[in-house]
Structures are given as structure tokens and as C-alpha cells.
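Novice: Let me begin by handing over the structure; questions about it come next.
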Amino acid sequence: MDAIASNAPLVVFIVIGTIAVAASFLVVMMRNPVHSALFLLLTFLCVAVLFVIKAAEFVAAVQVLVYAGGIMVLFLFVVMLINVRHLPDEKMTTSYTLGGIGVGVAIFVLFFAVVRTGAYHDEAPNAAKKLTTVREQVLTQHPTDPNKLVRKWRAKDNRNAEAIGMALYRDYLVPFEVASLFLLVAMIGAIVIGKRELSALEEETAPDYMLERVETEKEVKDLVNAN
Amino acid sequence: MTYSYLPILILLFVAAVLGAVFLSLNWILGRHQRNPSKLSPYESGVPLLDENRKRVNVRFYQIAMLFILFDIEAAFLYPWAVIYRSMISWYLFGEMLLFILLLGVGYVYVWKKRAFDWK
């Protein structure tokens, strides 16, 4: 029992990591794109668990909020936008398969060479020093009167969200502000591309799905009666 | 510290087992009828108006995109709020103000372009 308890993170890592790899494999194997998207969701959630194992709780929470919550919705909408009805029964292997495997192996070797065990463990340079200034308010016993409690500031152990906050808002301020510019660009781009008015010529040649089509109540009724 | 998340893991495990048990019980005990009306989406006999795999309006995508962008903005606010509580300073306040103002420009643009209007 003790052996299991002490190795719990390893066991969880193996189980969750296996599920993550299997799910991401199924993402590319599934014929139905919606199924692929759901397996991608499973992969995201498994990666969130892996983040928790590495004591990166904030990243795990963001993984669930942004990736599993937001980006999955976007993927599903894209799947619905392009509207793949039936994928033809194509072969799973093509002439590109060998090249694809080669590129995959090459990237794996690159990752393996760069992200070695412990390569990033001791690289929190000045962040660690600055972090000691984080304080928290605690209730402690009054020094003379035992029936009283006083609020006190004391240095606090570094927490995950705080460590990220310190790094982001003090050491890497400019990248953080640039990130807001990127978000702005994405926001405007989505509107510009999506809200484009079609010219008269485009409207004529555009396929049906690009044109606005609102079904009136009458049309729906006709459809029901037809059935 | 990571051990404080153990209850979530146990919850996930119990949920998975529960779901598997219900599905397999249904499979073992239930009768298997595979006629067309049984397999139709609405078993009560209401015919479908349309197929489910239809091309949706691009507006759904736009709304989802805007949702993600503001979602990310909110995600940036969490670590800021945590350190702002312990070290209140104009510096921290100003940088977050700049961040929100920059995104506010986009917000006003989106609003003026009527992307929030469904009509």
C-alpha cells in the first residue's frame, strides 16, 4: 500500500498519459469529425491533469477554461461550418505517409534532445527572489490577550497563480501588453472576414450556403406537411 | 500539495465507473430492437424537419471567436488579481488598465460593427 501511495503521481501519470496519447491518436483516426473533436476534448482534459501533477494548477485551470471550454466550441463550429457530410472511404495511408512518419520522428527527436528531464527545473532566475515579497493577511493570536485575534501581514509561500502573475506582470510586461494587441487583431480579423458584404457579382456566383437563408414559419410548416 | 486534488481524481473515476455500469446494465438487461423507428432520433414518432449536419451561419463562429478572446482576457485577470491583492500599486493597476483599454478598442469596434446583433 505504501508503495502505491508514494508512487501515486507516477501511476496517475502513466494512466492519464496513456489515455491522452490514445485519445490524440483517435483524433486523427476517427472518420466523423465531431468524434475527432470530442476525443480532442478528452486529450485537453488529460493534459490538464498532467499539469496538475506538475503542480501547475493555474495552467491546468486555464487549460480547462480556455481550451476545453472555448477552443473546443470553436472547433465544433468550424466542423459544422465546413459541413462534412460523409467522408469517402479513403485509404488511411497515402504516398505521404512515410514522409509524415519521418517528420514526426524528427520532431520527437528534437523535443527529446531539447526538453530533457530537469532541463527547465532550475530556471526560475530572478522570479524566485522577487516572489518572497508576496504577503498575505493572517489571523494570529494577540501577543498579550489570548482572547483576541489580530490581523497580521506575513510573507507567504509562493503559489502557482502568484508565480505566474509575478513573471507576467513584472518581468515580462511588454510581451503581456503585446498579447493584448494580438487579441485585438484576432477580434477585428474575425469581424472583418465574417461580416464582409458580398458584392452583386459575388452574390450571384456564391454557393447557397454563403447566402443568408432564414426559414420563415410558413416554410417550416410546408416542410412538416410535406413529410 | 498535488495530493489535495486527489478527491477530483476519485470523482472522475467514480463518474467513469458509474457511466460504464449504467450503459452496460442497459446493454445486458435491455432488449435489442433495431428497427428504423427505434433508431430514429426522436423515438416518440416526430419526424425530422431537416438533417442535423447542416451548414451553420458564420455568425456562430464569430460569436465563439469573440467568446474565446474575452475568455482569454479574463484568464489574464486571475493571476493579476491574485498579486494585486498583496501588493497594491499604480504600476500594476496601470498595466492592466492599458491591457483592458487595448481590448476595449476591439470591443467598441465589434459593437459598432453590430457583430453582437443577431439580425
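Quick note on naming: the chains in the C-alpha cells go A, B, ... in the order shown, residues restart at 1 in each chain, and ligands are numbered from 1 in order of appearance.
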With 6 Å as the limit and counting only C-alpha atoms, what residues in chain A lie close to chain B? Please list them as a PyMOL selection string.

Specialist: chain A and resi 70+74+77+80-81+83+135+161-162+165+177+180+184

Novice: Please produce a file of the residues just selected, as a PDB file, in the first residue's frame, where the atoms kept are N, CA and C atoms.

Specialist:
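Result written to out-v2.pdb:
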```pdb
ATOM      1  N   GLY A  70     -13.478  26.978 -24.523  1.00  0.00           N
ATOM      2  CA  GLY A  70     -13.642  27.891 -25.643  1.00  0.00           C
ATOM      3  C   GLY A  70     -13.224  27.325 -26.976  1.00  0.00           C
ATOM      4  N   LEU A  74     -15.146  26.415 -30.675  1.00  0.00           N
ATOM      5  CA  LEU A  74     -14.740  26.966 -31.967  1.00  0.00           C
ATOM      6  C   LEU A  74     -14.511  25.838 -32.978  1.00  0.00           C
ATOM      7  N   PHE A  77     -17.754  24.442 -34.152  1.00  0.00           N
ATOM      8  CA  PHE A  77     -18.404  25.333 -35.111  1.00  0.00           C
ATOM      9  C   PHE A  77     -17.735  25.240 -36.474  1.00  0.00           C
ATOM     10  N   MET A  80     -18.957  22.286 -38.176  1.00  0.00           N
ATOM     11  CA  MET A  80     -20.295  22.499 -38.702  1.00  0.00           C
ATOM     12  C   MET A  80     -20.277  23.472 -39.876  1.00  0.00           C
ATOM     13  N   LEU A  81     -19.326  24.421 -39.856  1.00  0.00           N
ATOM     14  CA  LEU A  81     -19.254  25.395 -40.954  1.00  0.00           C
ATOM     15  C   LEU A  81     -18.874  24.718 -42.255  1.00  0.00           C
ATOM     16  N   ASN A  83     -19.086  21.565 -42.856  1.00  0.00           N
ATOM     17  CA  ASN A  83     -20.159  20.639 -43.173  1.00  0.00           C
ATOM     18  C   ASN A  83     -19.698  19.420 -43.966  1.00  0.00           C
ATOM     19  N   ARG A 135       2.892  38.873   0.219  1.00  0.00           N
ATOM     20  CA  ARG A 135       2.458  38.750   1.605  1.00  0.00           C
ATOM     21  C   ARG A 135       0.997  38.345   1.660  1.00  0.00           C
ATOM     22  N   ALA A 161      -0.510  30.647  -9.070  1.00  0.00           N
ATOM     23  CA  ALA A 161      -1.053  31.805  -9.788  1.00  0.00           C
ATOM     24  C   ALA A 161      -0.208  33.042  -9.512  1.00  0.00           C
ATOM     25  N   GLU A 162       0.302  33.142  -8.272  1.00  0.00           N
ATOM     26  CA  GLU A 162       1.127  34.291  -7.938  1.00  0.00           C
ATOM     27  C   GLU A 162       2.438  34.271  -8.695  1.00  0.00           C
ATOM     28  N   GLY A 165       1.701  35.391 -12.035  1.00  0.00           N
ATOM     29  CA  GLY A 165       1.413  36.813 -12.013  1.00  0.00           C
ATOM     30  C   GLY A 165       2.680  37.637 -11.934  1.00  0.00           C
ATOM     31  N   GLU A 177       1.569  42.972 -22.791  1.00  0.00           N
ATOM     32  CA  GLU A 177       0.791  44.003 -23.465  1.00  0.00           C
ATOM     33  C   GLU A 177       0.685  43.710 -24.965  1.00  0.00           C
ATOM     34  N   SER A 180      -2.190  41.549 -25.735  1.00  0.00           N
ATOM     35  CA  SER A 180      -3.490  42.204 -25.895  1.00  0.00           C
ATOM     36  C   SER A 180      -3.657  42.717 -27.320  1.00  0.00           C
ATOM     37  N   LEU A 184      -6.540  41.797 -29.989  1.00  0.00           N
ATOM     38  CA  LEU A 184      -7.263  42.830 -30.726  1.00  0.00           C
ATOM     39  C   LEU A 184      -7.288  42.513 -32.216  1.00  0.00           C
TER      40      LEU A 184
END
```
